[in-house]
Amino acid sequence: MQLSNFSIRSKLIGLVMILALGIIVASGLAFCFSYQDTLNGKKEQIRSVIQASANQISALRNQQQSGQISQHEYQQRLRDLIYTVGYGEEGYLYLIENNQLLLHPRLPQLEGQAISELPEQMRPNLILSGLDELFRRSAGQHFWNIYWPRPEGGRSIEKLTYMQQIQGSDLVLGTGIYLDDLYPIYLQRALSYLGLTLFILISALISAILIARNIVRPVKALSEQMGQLAHGDIDQEIRFTHHRDEIGKIARAMDHFRDHLLENKRLRYVQEHVQFLENFDPVTRLYNRHAIGEALEREIIRNFDTQEKVYFLFIRLDLLRNLTIELGDEQRDEILVETANRLRLLLSVNHRLARLSEGSFGLILINKPDDLKLEQLAQSILETMQQPIKLGNLQIQIGARIGVTSFPEDGDQQFELIGRAEIAAKAARKREQNWLCYNQIRDQEAHQRLELWQDLSTALEQDQFHLVFQPLFDLNHNTPLSAETLLRWNHPRLGPISPAVFVPLAEQSGLISSLDYWVLSAVARQCRHWINKQLCFPRIAVNLSGISFLRSDFEQRLTEIFRRYQVPLWHLELELTEGVLIEDLTHIQEKLKRVRATGVSISIDDFGTGYSSLSRIKNLPVDHIKIDRSFVEDLDSNPQDLKIVQAIILMAHGLQLKVVAEGVETEQQLSILREAQCDIVQGFLLSKPLAVEQFESLIDEDLIIEGA
C-alpha cells in the first residue's frame, strides 16, 4: 500500500486522526502522571506532618524523662498535640502504643482498646500486619492501604495509611487520608485535561479543515483545469496564480504552460491560414491560381500517355473593376461569392473551380465532354451569370466571357493552357462573342507570327525599333531614381507591335541576342547624347534575356559597346528574368560578380512568378528585386497578394536588397506599398512610358511625387 494511491484529502484526514490519537494518548499519560504526582505529594505532606509531630513527641518524652515536666503534664501536652495537629481539611493524627490505640481525636471512644479488639469493619488484621511491617523496617516508617470507615460512620473506604515509630519508644504515630477525598482533585484535573484535549483536538480539526481546504480545493481545481487543458480547453483562466505558496507556483507554471498552448494555437492557426491562402481564395473559398495550376498539371500528367483531352475554361467577368470603384470592396466580394455559389451548382464532383484574379474564374473539366456538352456547359454558365444579383436595393447584372483551351492541342503545360484560355477570353470580348476556343484564333495568330518572323530581321537592319523610358521613383525621397528602357516596334504596314509578340518571336528565331545588343547600343548612344547636353539623367535599366547574359563573351561586348560611346557603365542597370537563375548557381554567381565588377547594377525582374526564391538569391550579388505586376494589380483587393508582397519586402530587406514594385496604377496601391516600406515603384499612376523628349522634360523638371 503506497501513499500515492490515496487522495490528498484522505492523507490529511489520516494525519488528523493520527494527531488526535496522539493528543488523547498524551493527555491520558499526563493525567496518569498527574494522579501519581498528587498521591506522592500527599504522601510527602503526611510524612512531613508525622515527622514534625514525632519530633515534638520525642522532645516531650525527653522532658518527662529528665523531670522537666510531670507525667500528668506530659500526657496532657501529648493529648493536646495529637488533638490539635492537623493538615488539610480532614487530616488528623493518632497514637498507638504496644498495639493499643492510645490517642485518636476522631474516635476518642476507642482510646485504650487493643487493636485486635477493634470492630471487624476497621480491619484490625490489616492494621496489625502493617504494624508488624513497620517494626521490621529499620527506618521505622511504613505506607499501606486499608479500608477504614469514616469517623462519622458509614461503609469502609480505602485509606492511605502512614505510621512512624517514635524513636526510643513503643509509640507509633499514624495518620491517613481517604483516597476518595482526592477524587475531586482528580476530577477537576481530569476535566481540565479533557477540556484542554478537546480544545486542542477542535483547534487541530479546524486547522486541518482550513489547511485541507486551502490545499485540496486549489489542487482539485488545478487538476480539473489541467484535464481541461489536456482536452483542448485553453481559453480558460488559470486560478490561484496569486497564491504565494507551492500551489501558486504550480498555478503560475500552468498559466505559463497555457500561454505556450495559446501561442502554439495562434501559430498553428497562422500556419493553417497561410496554408489555406497558399491554395484557396479567402473571399470565395475556391482554389486560387496556384492550386488550380497544380491540379491542372496533375491532370495533364495523368492523361499524358493516353493523350485524352483535358479542358480548361477561363471565365472573365466584365466591368467588375468599375463596379468595385462604384460600390466598394465589400459589395464586390458579395458579387464574387454569389457568382462562385452559382457556378458550383452547375458543376459535377469531378470539376475543379478556382478564382484566378479579381474578376476571373478558372474551371477544369476532368471528364472529357463532347463538343455539344461543352457548348451547353459554357452557355449554362453565361446564362447563370447574367441573372441579376441583388445587393440591398440594387440589382446588379454582370456579363462574362469564356476562353477555352484543351490538352494536348493547346499546350502540355498548365501555364500554357491557363494563359491561352485567358487570351481566348480577351479575344472573345474583342470579337463581341460570349465564348471562344483558343484553337479558333490560333491559326490566325500563327499566320501573323510567320509574317512577323520574316519582318523581324528587316526591322533590325532598318532601325524600325525605338526606345521609350518609364521612370522608377524612390519612395524614400519621392524622386525619380532610374528609368526602365522599353523597346517599341513600329511596323511599316501593321503599325505598333507589342513586345509581348515580337520578343518571343526573337527568342524562337535566334535573333534575341541581336535585339539585346541593339538595345544596349541604343541606350549607350542616348546616354552619350545626354552627357553632351550636360543633362543629369538617372540610371537606365535594360531588360536583358538570359541567352545574351549567359554568353561567354557578354562582358567583353558590353564593355566594348559603352567604351565606343565613352559612357561609364555605372549609368546602366541590367534586369534579368528569373529564368536565368535556374542555371548552375555557382556559374551564375561567378557570372554576376564579373558583370558587376564593370560597374553595372543588377536586378531580378518579375520576381515571384518563376523558379527563384529569396533563399536561392541570398548569396547572389544583385541590387534589386522587382515584384511582378501580377501581385500588385490586385494588391488593394486580394489579401493573399498583400501578404506575399509584405513577405517579399520584409525578407528582401533582411538580405540588404531593395525592392521595386511595378504596375502601380492606383493611389491605394501606392499607399499600401509605402506602408509596407517598399523602396521603389513604377507604373502608370506615376508615369507612362515616355518618348525621349518627354523623358528629358521630366528629369529636367526635377519631378517630385506626392506622398500618399
# chains A, B, ... in the order shown; residues from 1 in each chain; ligands from 1

call {"tool": "residues_around", "arguments": {"residues": "range 80-88 of chain A", "least_positions_apart": "5", "cutoff": "9 Å", "atoms": "only C-alpha atoms", "output": "PDB file with N, CA and C atoms, in the first residue's frame"}}
result
ATOM      1  N   GLN A  45       3.331  15.182  52.148  1.00  0.00           N
ATOM      2  CA  GLN A  45       2.681  16.032  53.153  1.00  0.00           C
ATOM      3  C   GLN A  45       2.477  15.271  54.468  1.00  0.00           C
ATOM      4  N   ILE A  46       1.974  14.023  54.313  1.00  0.00           N
ATOM      5  CA  ILE A  46       1.756  13.183  55.513  1.00  0.00           C
ATOM      6  C   ILE A  46       3.079  12.930  56.225  1.00  0.00           C
ATOM      7  N   VAL A  49       4.287  16.020  58.116  1.00  0.00           N
ATOM      8  CA  VAL A  49       3.498  16.293  59.334  1.00  0.00           C
ATOM      9  C   VAL A  49       3.841  15.288  60.433  1.00  0.00           C
ATOM     10  N   SER A  53       5.589  16.092  64.000  1.00  0.00           N
ATOM     11  CA  SER A  53       4.897  15.730  65.251  1.00  0.00           C
ATOM     12  C   SER A  53       5.722  14.741  66.057  1.00  0.00           C
ATOM     13  N   GLN A  56       8.273  16.464  68.013  1.00  0.00           N
ATOM     14  CA  GLN A  56       7.719  17.120  69.199  1.00  0.00           C
ATOM     15  C   GLN A  56       7.448  16.101  70.316  1.00  0.00           C
ATOM     16  N   ILE A  57       6.918  14.934  69.892  1.00  0.00           N
ATOM     17  CA  ILE A  57       6.662  13.889  70.898  1.00  0.00           C
ATOM     18  C   ILE A  57       7.973  13.435  71.545  1.00  0.00           C
ATOM     19  N   GLN A  75       1.357  13.742  79.605  1.00  0.00           N
ATOM     20  CA  GLN A  75       0.206  13.133  78.941  1.00  0.00           C
ATOM     21  C   GLN A  75      -0.745  14.202  78.421  1.00  0.00           C
ATOM     22  N   LEU A  93      -4.045  13.168  63.334  1.00  0.00           N
ATOM     23  CA  LEU A  93      -3.049  12.188  63.773  1.00  0.00           C
ATOM     24  C   LEU A  93      -3.665  11.296  64.852  1.00  0.00           C
ATOM     25  N   TYR A  94      -3.132  10.126  64.953  1.00  0.00           N
ATOM     26  CA  TYR A  94      -3.497   9.244  66.088  1.00  0.00           C
ATOM     27  C   TYR A  94      -2.228   8.572  66.572  1.00  0.00           C
ATOM     28  N   LEU A  95      -2.288   8.048  67.834  1.00  0.00           N
ATOM     29  CA  LEU A  95      -1.098   7.494  68.502  1.00  0.00           C
ATOM     30  C   LEU A  95      -1.419   6.103  69.018  1.00  0.00           C
ATOM     31  N   LEU A 103      -4.269   7.397  71.492  1.00  0.00           N
ATOM     32  CA  LEU A 103      -4.975   8.657  71.295  1.00  0.00           C
ATOM     33  C   LEU A 103      -5.553   8.683  69.874  1.00  0.00           C
ATOM     34  N   HIS A 104      -6.824   9.155  69.742  1.00  0.00           N
ATOM     35  CA  HIS A 104      -7.461   9.264  68.434  1.00  0.00           C
ATOM     36  C   HIS A 104      -8.456  10.398  68.504  1.00  0.00           C
ATOM     37  N   PRO A 105      -8.186  11.596  67.930  1.00  0.00           N
ATOM     38  CA  PRO A 105      -9.059  12.756  68.082  1.00  0.00           C
ATOM     39  C   PRO A 105     -10.427  12.556  67.449  1.00  0.00           C
ATOM     40  N   ARG A 106     -10.594  11.669  66.519  1.00  0.00           N
ATOM     41  CA  ARG A 106     -11.884  11.485  65.874  1.00  0.00           C
ATOM     42  C   ARG A 106     -12.667  10.323  66.494  1.00  0.00           C
TER      43      ARG A 106
END

call {"tool": "residues_around", "arguments": {"residues": "Gln694 in chain A", "least_positions_apart": "5", "cutoff": "10 Å", "atoms": "only C-alpha atoms", "output": "list in words"}}
result
Val468, Phe469, Pro689, Ile699 and Asp700 of chain A

call {"tool": "write_last_selection", "arguments": {"atoms": "C-alpha atoms", "output": "PDB file, in the first residue's frame"}}
result
ATOM      1  CA  VAL A 468      10.827  54.680 -74.565  1.00  0.00           C
ATOM      2  CA  PHE A 469      11.586  55.238 -70.887  1.00  0.00           C
ATOM      3  CA  PRO A 689       6.497  55.025 -70.766  1.00  0.00           C
ATOM      4  CA  ILE A 699      14.030  64.863 -65.472  1.00  0.00           C
ATOM      5  CA  ASP A 700      14.700  68.499 -66.297  1.00  0.00           C
TER       6      ASP A 700
END

call {"tool": "residues_around", "arguments": {"residues": "Gly112 in chain A", "least_positions_apart": "6", "cutoff": "10 Å", "atoms": "only C-alpha atoms", "output": "list in words"}}
result
Ile96, Glu97, Asn99, Gln100, Leu101, Leu102, Leu103 and His104 of chain A

call {"tool": "write_last_selection", "arguments": {"atoms": "N, CA, C and O atoms", "output": "mmCIF file, in the first residue's frame"}}
result
data_model
loop_
_atom_site.group_PDB
_atom_site.id
_atom_site.type_symbol
_atom_site.label_atom_id
_atom_site.label_comp_id
_atom_site.auth_asym_id
_atom_site.auth_seq_id
_atom_site.Cartn_x
_atom_site.Cartn_y
_atom_site.Cartn_z
ATOM 1 N N ILE A 96 -0.535 5.157 68.690
ATOM 2 C CA ILE A 96 -0.667 3.756 69.107
ATOM 3 C C ILE A 96 0.537 3.414 69.977
ATOM 4 O O ILE A 96 1.667 3.792 69.663
ATOM 5 N N GLU A 97 0.269 2.641 71.028
ATOM 6 C CA GLU A 97 1.355 2.185 71.911
ATOM 7 C C GLU A 97 1.106 0.723 72.244
ATOM 8 O O GLU A 97 0.045 0.372 72.752
ATOM 9 N N ASN A 99 0.446 -1.904 70.369
ATOM 10 C CA ASN A 99 -0.740 -2.422 69.680
ATOM 11 C C ASN A 99 -2.043 -2.016 70.354
ATOM 12 O O ASN A 99 -3.067 -2.703 70.260
ATOM 13 N N GLN A 100 -1.984 -0.883 71.034
ATOM 14 C CA GLN A 100 -3.179 -0.372 71.697
ATOM 15 C C GLN A 100 -3.398 1.049 71.221
ATOM 16 O O GLN A 100 -2.468 1.841 71.130
ATOM 17 N N LEU A 101 -4.635 1.421 70.834
ATOM 18 C CA LEU A 101 -4.972 2.746 70.347
ATOM 19 C C LEU A 101 -4.924 3.697 71.520
ATOM 20 O O LEU A 101 -5.790 3.669 72.393
ATOM 21 N N LEU A 102 -3.885 4.535 71.568
ATOM 22 C CA LEU A 102 -3.656 5.391 72.719
ATOM 23 C C LEU A 102 -4.449 6.686 72.589
ATOM 24 O O LEU A 102 -5.185 7.075 73.502
ATOM 25 N N LEU A 103 -4.269 7.397 71.492
ATOM 26 C CA LEU A 103 -4.975 8.657 71.295
ATOM 27 C C LEU A 103 -5.553 8.683 69.874
ATOM 28 O O LEU A 103 -4.884 8.324 68.887
ATOM 29 N N HIS A 104 -6.824 9.155 69.742
ATOM 30 C CA HIS A 104 -7.461 9.264 68.434
ATOM 31 C C HIS A 104 -8.456 10.398 68.504
ATOM 32 O O HIS A 104 -9.503 10.268 69.151
#

call {"tool": "select_by_dssp", "arguments": {"residues": "range 208-318 of chain A", "states": "strand (DSSP E or B)", "output": "tab-separated table (two decimals) with C-alpha atoms, in the first residue's frame"}}
result
chain	number	residue	atom	x	y	z
A	280	PHE	CA	-7.55	28.94	-51.56
A	287	TYR	CA	-8.95	27.23	-55.29
A	310	VAL	CA	-8.44	17.99	-70.52
A	311	TYR	CA	-10.41	21.22	-70.92
A	312	PHE	CA	-9.76	24.48	-69.12
A	313	LEU	CA	-12.26	27.35	-69.10
A	314	PHE	CA	-11.18	30.90	-68.30
A	315	ILE	CA	-14.28	32.84	-67.15
A	316	ARG	CA	-13.73	36.61	-67.20
A	317	LEU	CA	-16.26	38.95	-65.58

call {"tool": "residues_around", "arguments": {"residues": "Trp570 in chain A", "least_positions_apart": "4", "cutoff": "12 Å", "atoms": "only C-alpha atoms", "output": "PDB file with N, CA, C and O atoms, in the first residue's frame"}}
result
ATOM      1  N   SER A 482      15.577  55.933 -61.367  1.00  0.00           N
ATOM      2  CA  SER A 482      16.099  55.341 -62.593  1.00  0.00           C
ATOM      3  C   SER A 482      14.963  55.284 -63.595  1.00  0.00           C
ATOM      4  O   SER A 482      13.842  55.728 -63.311  1.00  0.00           O
ATOM      5  N   ALA A 524      23.436  53.219 -74.911  1.00  0.00           N
ATOM      6  CA  ALA A 524      24.740  53.883 -74.796  1.00  0.00           C
ATOM      7  C   ALA A 524      24.780  55.148 -75.650  1.00  0.00           C
ATOM      8  O   ALA A 524      25.303  56.198 -75.221  1.00  0.00           O
ATOM      9  N   CYS A 527      22.677  57.824 -73.900  1.00  0.00           N
ATOM     10  CA  CYS A 527      23.399  58.358 -72.737  1.00  0.00           C
ATOM     11  C   CYS A 527      24.487  59.339 -73.174  1.00  0.00           C
ATOM     12  O   CYS A 527      24.707  60.387 -72.534  1.00  0.00           O
ATOM     13  N   PRO A 538      19.021  59.876 -64.665  1.00  0.00           N
ATOM     14  CA  PRO A 538      19.156  58.757 -63.713  1.00  0.00           C
ATOM     15  C   PRO A 538      19.718  57.514 -64.390  1.00  0.00           C
ATOM     16  O   PRO A 538      19.911  57.477 -65.615  1.00  0.00           O
ATOM     17  N   ARG A 539      19.947  56.481 -63.589  1.00  0.00           N
ATOM     18  CA  ARG A 539      20.438  55.218 -64.131  1.00  0.00           C
ATOM     19  C   ARG A 539      19.394  54.629 -65.076  1.00  0.00           C
ATOM     20  O   ARG A 539      18.185  54.692 -64.830  1.00  0.00           O
ATOM     21  N   ILE A 540      19.845  54.024 -66.142  1.00  0.00           N
ATOM     22  CA  ILE A 540      18.960  53.464 -67.158  1.00  0.00           C
ATOM     23  C   ILE A 540      18.977  51.939 -67.027  1.00  0.00           C
ATOM     24  O   ILE A 540      20.045  51.304 -67.048  1.00  0.00           O
ATOM     25  N   ALA A 541      17.773  51.347 -66.899  1.00  0.00           N
ATOM     26  CA  ALA A 541      17.641  49.895 -66.738  1.00  0.00           C
ATOM     27  C   ALA A 541      17.250  49.272 -68.070  1.00  0.00           C
ATOM     28  O   ALA A 541      16.388  49.794 -68.788  1.00  0.00           O
ATOM     29  N   THR A 559      31.283  45.863 -72.528  1.00  0.00           N
ATOM     30  CA  THR A 559      32.316  46.882 -72.287  1.00  0.00           C
ATOM     31  C   THR A 559      32.671  47.610 -73.581  1.00  0.00           C
ATOM     32  O   THR A 559      32.852  48.838 -73.596  1.00  0.00           O
ATOM     33  N   PHE A 562      29.853  50.284 -74.611  1.00  0.00           N
ATOM     34  CA  PHE A 562      29.840  51.523 -73.834  1.00  0.00           C
ATOM     35  C   PHE A 562      31.163  52.289 -73.943  1.00  0.00           C
ATOM     36  O   PHE A 562      31.184  53.520 -73.789  1.00  0.00           O
ATOM     37  N   GLN A 566      31.902  56.073 -75.001  1.00  0.00           N
ATOM     38  CA  GLN A 566      32.536  56.729 -73.848  1.00  0.00           C
ATOM     39  C   GLN A 566      31.500  57.054 -72.748  1.00  0.00           C
ATOM     40  O   GLN A 566      31.408  58.180 -72.261  1.00  0.00           O
ATOM     41  N   LEU A 574      21.097  46.263 -65.386  1.00  0.00           N
ATOM     42  CA  LEU A 574      20.576  45.139 -66.155  1.00  0.00           C
ATOM     43  C   LEU A 574      19.482  44.439 -65.362  1.00  0.00           C
ATOM     44  O   LEU A 574      19.663  44.125 -64.177  1.00  0.00           O
ATOM     45  N   VAL A 595      30.168  40.669 -64.054  1.00  0.00           N
ATOM     46  CA  VAL A 595      29.417  41.752 -64.693  1.00  0.00           C
ATOM     47  C   VAL A 595      29.345  42.959 -63.764  1.00  0.00           C
ATOM     48  O   VAL A 595      29.519  44.107 -64.194  1.00  0.00           O
ATOM     49  N   ARG A 596      29.103  42.717 -62.482  1.00  0.00           N
ATOM     50  CA  ARG A 596      29.002  43.839 -61.533  1.00  0.00           C
ATOM     51  C   ARG A 596      30.356  44.532 -61.355  1.00  0.00           C
ATOM     52  O   ARG A 596      30.407  45.708 -60.999  1.00  0.00           O
ATOM     53  N   ALA A 597      31.427  43.795 -61.597  1.00  0.00           N
ATOM     54  CA  ALA A 597      32.756  44.402 -61.475  1.00  0.00           C
ATOM     55  C   ALA A 597      32.970  45.497 -62.515  1.00  0.00           C
ATOM     56  O   ALA A 597      33.835  46.365 -62.357  1.00  0.00           O
ATOM     57  N   THR A 598      32.178  45.470 -63.591  1.00  0.00           N
ATOM     58  CA  THR A 598      32.287  46.522 -64.611  1.00  0.00           C
ATOM     59  C   THR A 598      31.604  47.813 -64.170  1.00  0.00           C
ATOM     60  O   THR A 598      31.745  48.838 -64.848  1.00  0.00           O
ATOM     61  N   GLY A 599      30.841  47.770 -63.055  1.00  0.00           N
ATOM     62  CA  GLY A 599      30.123  48.944 -62.575  1.00  0.00           C
ATOM     63  C   GLY A 599      28.629  48.877 -62.792  1.00  0.00           C
ATOM     64  O   GLY A 599      27.883  49.770 -62.367  1.00  0.00           O
ATOM     65  N   VAL A 600      28.152  47.840 -63.457  1.00  0.00           N
ATOM     66  CA  VAL A 600      26.735  47.693 -63.766  1.00  0.00           C
ATOM     67  C   VAL A 600      25.974  47.242 -62.522  1.00  0.00           C
ATOM     68  O   VAL A 600      26.464  46.422 -61.741  1.00  0.00           O
ATOM     69  N   SER A 601      24.766  47.773 -62.323  1.00  0.00           N
ATOM     70  CA  SER A 601      23.859  47.271 -61.282  1.00  0.00           C
ATOM     71  C   SER A 601      22.988  46.175 -61.872  1.00  0.00           C
ATOM     72  O   SER A 601      22.727  46.154 -63.084  1.00  0.00           O
ATOM     73  N   ILE A 602      22.512  45.264 -61.006  1.00  0.00           N
ATOM     74  CA  ILE A 602      21.728  44.119 -61.485  1.00  0.00           C
ATOM     75  C   ILE A 602      20.478  43.970 -60.625  1.00  0.00           C
ATOM     76  O   ILE A 602      20.537  44.062 -59.388  1.00  0.00           O
TER      77      ILE A 602
END

call {"tool": "atom_distance", "arguments": {"atom1": "CA of Leu187 in chain A", "atom2": "CA of Asp37 in chain A"}}
result
14.5 Å

call {"tool": "residues_around", "arguments": {"residues": "Met385 in chain A", "least_positions_apart": "6", "cutoff": "7 Å", "atoms": "only C-alpha atoms", "output": "JSON, numbers by chain"}}
result
{"A": [339, 398, 399]}

call {"tool": "write_last_selection", "arguments": {"atoms": "N, CA and C atoms", "output": "PDB file, in the first residue's frame"}}
result
ATOM      1  N   THR A 339     -21.458  34.759 -57.336  1.00  0.00           N
ATOM      2  CA  THR A 339     -21.053  34.153 -58.616  1.00  0.00           C
ATOM      3  C   THR A 339     -20.451  32.771 -58.396  1.00  0.00           C
ATOM      4  N   ILE A 398     -24.147  41.196 -64.391  1.00  0.00           N
ATOM      5  CA  ILE A 398     -22.748  41.107 -64.823  1.00  0.00           C
ATOM      6  C   ILE A 398     -22.662  40.180 -66.031  1.00  0.00           C
ATOM      7  N   GLY A 399     -21.958  40.650 -67.012  1.00  0.00           N
ATOM      8  CA  GLY A 399     -21.683  39.798 -68.152  1.00  0.00           C
ATOM      9  C   GLY A 399     -20.373  39.054 -67.976  1.00  0.00           C
TER      10      GLY A 399
END

call {"tool": "closest_residue", "arguments": {"among": "A:Thr458, A:Ser360, A:Gln167, A:Asn434", "to": "Gln386 in chain A", "atoms": "only C-alpha atoms"}}
result
A:Asn434

call {"tool": "atom_distance", "arguments": {"atom1": "CA of Ile335 in chain A", "atom2": "CA of Leu391 in chain A"}}
result
8.2 Å

call {"tool": "select_by_dssp", "arguments": {"residues": "range 420-584 of chain A", "states": "alpha helix (DSSP H)", "output": "ChimeraX atom specification"}}
result
/A:420-430,438-461,499-509,512-532,546-549,554-564

call {"tool": "write_last_selection", "arguments": {"atoms": "C-alpha atoms", "output": "compact mmCIF listing (two decimals), in the first residue's frame"}}
result
# COMPACT_ATOMS: atom_id res chain seq x y z
CA ARG A 420 -4.07 30.79 -73.70
CA ALA A 421 -7.55 30.42 -72.23
CA GLU A 422 -7.20 33.99 -70.95
CA ILE A 423 -6.11 35.09 -74.41
CA ALA A 424 -9.17 33.37 -75.86
CA ALA A 425 -11.44 35.15 -73.33
CA LYS A 426 -9.94 38.53 -74.24
CA ALA A 427 -10.32 37.72 -77.93
CA ALA A 428 -13.95 36.78 -77.33
CA ARG A 429 -14.54 40.19 -75.79
CA LYS A 430 -12.88 41.99 -78.71
CA TYR A 438 -8.18 29.11 -78.39
CA ASN A 439 -7.79 26.94 -81.49
CA GLN A 440 -10.19 29.30 -83.28
CA ILE A 441 -7.67 32.14 -83.02
CA ARG A 442 -4.53 30.02 -83.13
CA ASP A 443 -4.37 29.65 -86.92
CA GLN A 444 -4.74 33.39 -87.47
CA GLU A 445 -2.05 34.11 -84.88
CA ALA A 446 0.26 31.52 -86.43
CA HIS A 447 -0.02 33.24 -89.81
CA GLN A 448 0.68 36.64 -88.27
CA ARG A 449 3.59 35.18 -86.33
CA LEU A 450 5.15 33.81 -89.51
CA GLU A 451 4.94 37.21 -91.19
CA LEU A 452 6.44 38.97 -88.19
CA TRP A 453 9.17 36.38 -88.02
CA GLN A 454 10.25 37.27 -91.53
CA ASP A 455 9.98 41.03 -90.87
CA LEU A 456 11.98 40.96 -87.64
CA SER A 457 15.43 40.79 -89.28
CA THR A 458 14.49 43.60 -91.61
CA ALA A 459 13.33 45.70 -88.67
CA LEU A 460 16.76 45.37 -87.02
CA GLU A 461 18.54 46.39 -90.21
CA PRO A 499 6.88 43.42 -77.21
CA ALA A 500 4.80 40.52 -75.86
CA VAL A 501 4.53 39.45 -79.52
CA PHE A 502 7.89 40.19 -81.10
CA VAL A 503 10.20 39.32 -78.16
CA PRO A 504 9.07 35.64 -78.06
CA LEU A 505 9.47 35.58 -81.86
CA ALA A 506 13.02 36.89 -81.49
CA GLU A 507 13.78 34.15 -78.96
CA GLN A 508 12.34 31.47 -81.23
CA SER A 509 14.13 32.76 -84.33
CA ILE A 512 17.15 37.73 -79.30
CA SER A 513 20.88 38.39 -78.78
CA SER A 514 20.94 40.74 -81.77
CA LEU A 515 17.91 42.52 -80.33
CA ASP A 516 19.58 42.80 -76.91
CA TYR A 517 22.79 44.28 -78.35
CA TRP A 518 20.76 46.72 -80.47
CA VAL A 519 19.08 47.93 -77.26
CA LEU A 520 22.40 48.21 -75.39
CA SER A 521 23.91 50.20 -78.27
CA ALA A 522 20.86 52.46 -78.45
CA VAL A 523 21.00 53.10 -74.69
CA ALA A 524 24.74 53.88 -74.80
CA ARG A 525 24.18 56.25 -77.76
CA GLN A 526 21.33 58.00 -75.93
CA CYS A 527 23.40 58.36 -72.74
CA ARG A 528 26.21 59.90 -74.79
CA HIS A 529 23.71 62.37 -76.21
CA TRP A 530 22.51 63.38 -72.73
CA ILE A 531 26.08 63.71 -71.48
CA ASN A 532 26.89 66.02 -74.40
CA GLY A 546 19.16 35.10 -70.22
CA ILE A 547 20.51 33.88 -73.58
CA SER A 548 22.55 37.04 -74.08
CA PHE A 549 23.64 37.30 -70.46
CA PHE A 554 28.90 39.09 -72.88
CA GLU A 555 31.12 41.14 -70.55
CA GLN A 556 33.55 41.88 -73.39
CA ARG A 557 30.83 43.00 -75.83
CA LEU A 558 29.07 45.08 -73.13
CA THR A 559 32.32 46.88 -72.29
CA GLU A 560 33.10 47.48 -75.97
CA ILE A 561 29.68 48.99 -76.68
CA PHE A 562 29.84 51.52 -73.83
CA ARG A 563 33.54 52.26 -74.45
CA ARG A 564 32.69 53.08 -78.04

call {"tool": "closest_residue", "arguments": {"among": "A:Leu319, A:Ile200, A:Ile238, A:Ile604", "to": "Leu21 in chain A", "atoms": "only C-alpha atoms"}}
result
A:Ile200

call {"tool": "atom_distance", "arguments": {"atom1": "CA of Gly174 in chain A", "atom2": "CA of Glu117 in chain A"}}
result
18.3 Å
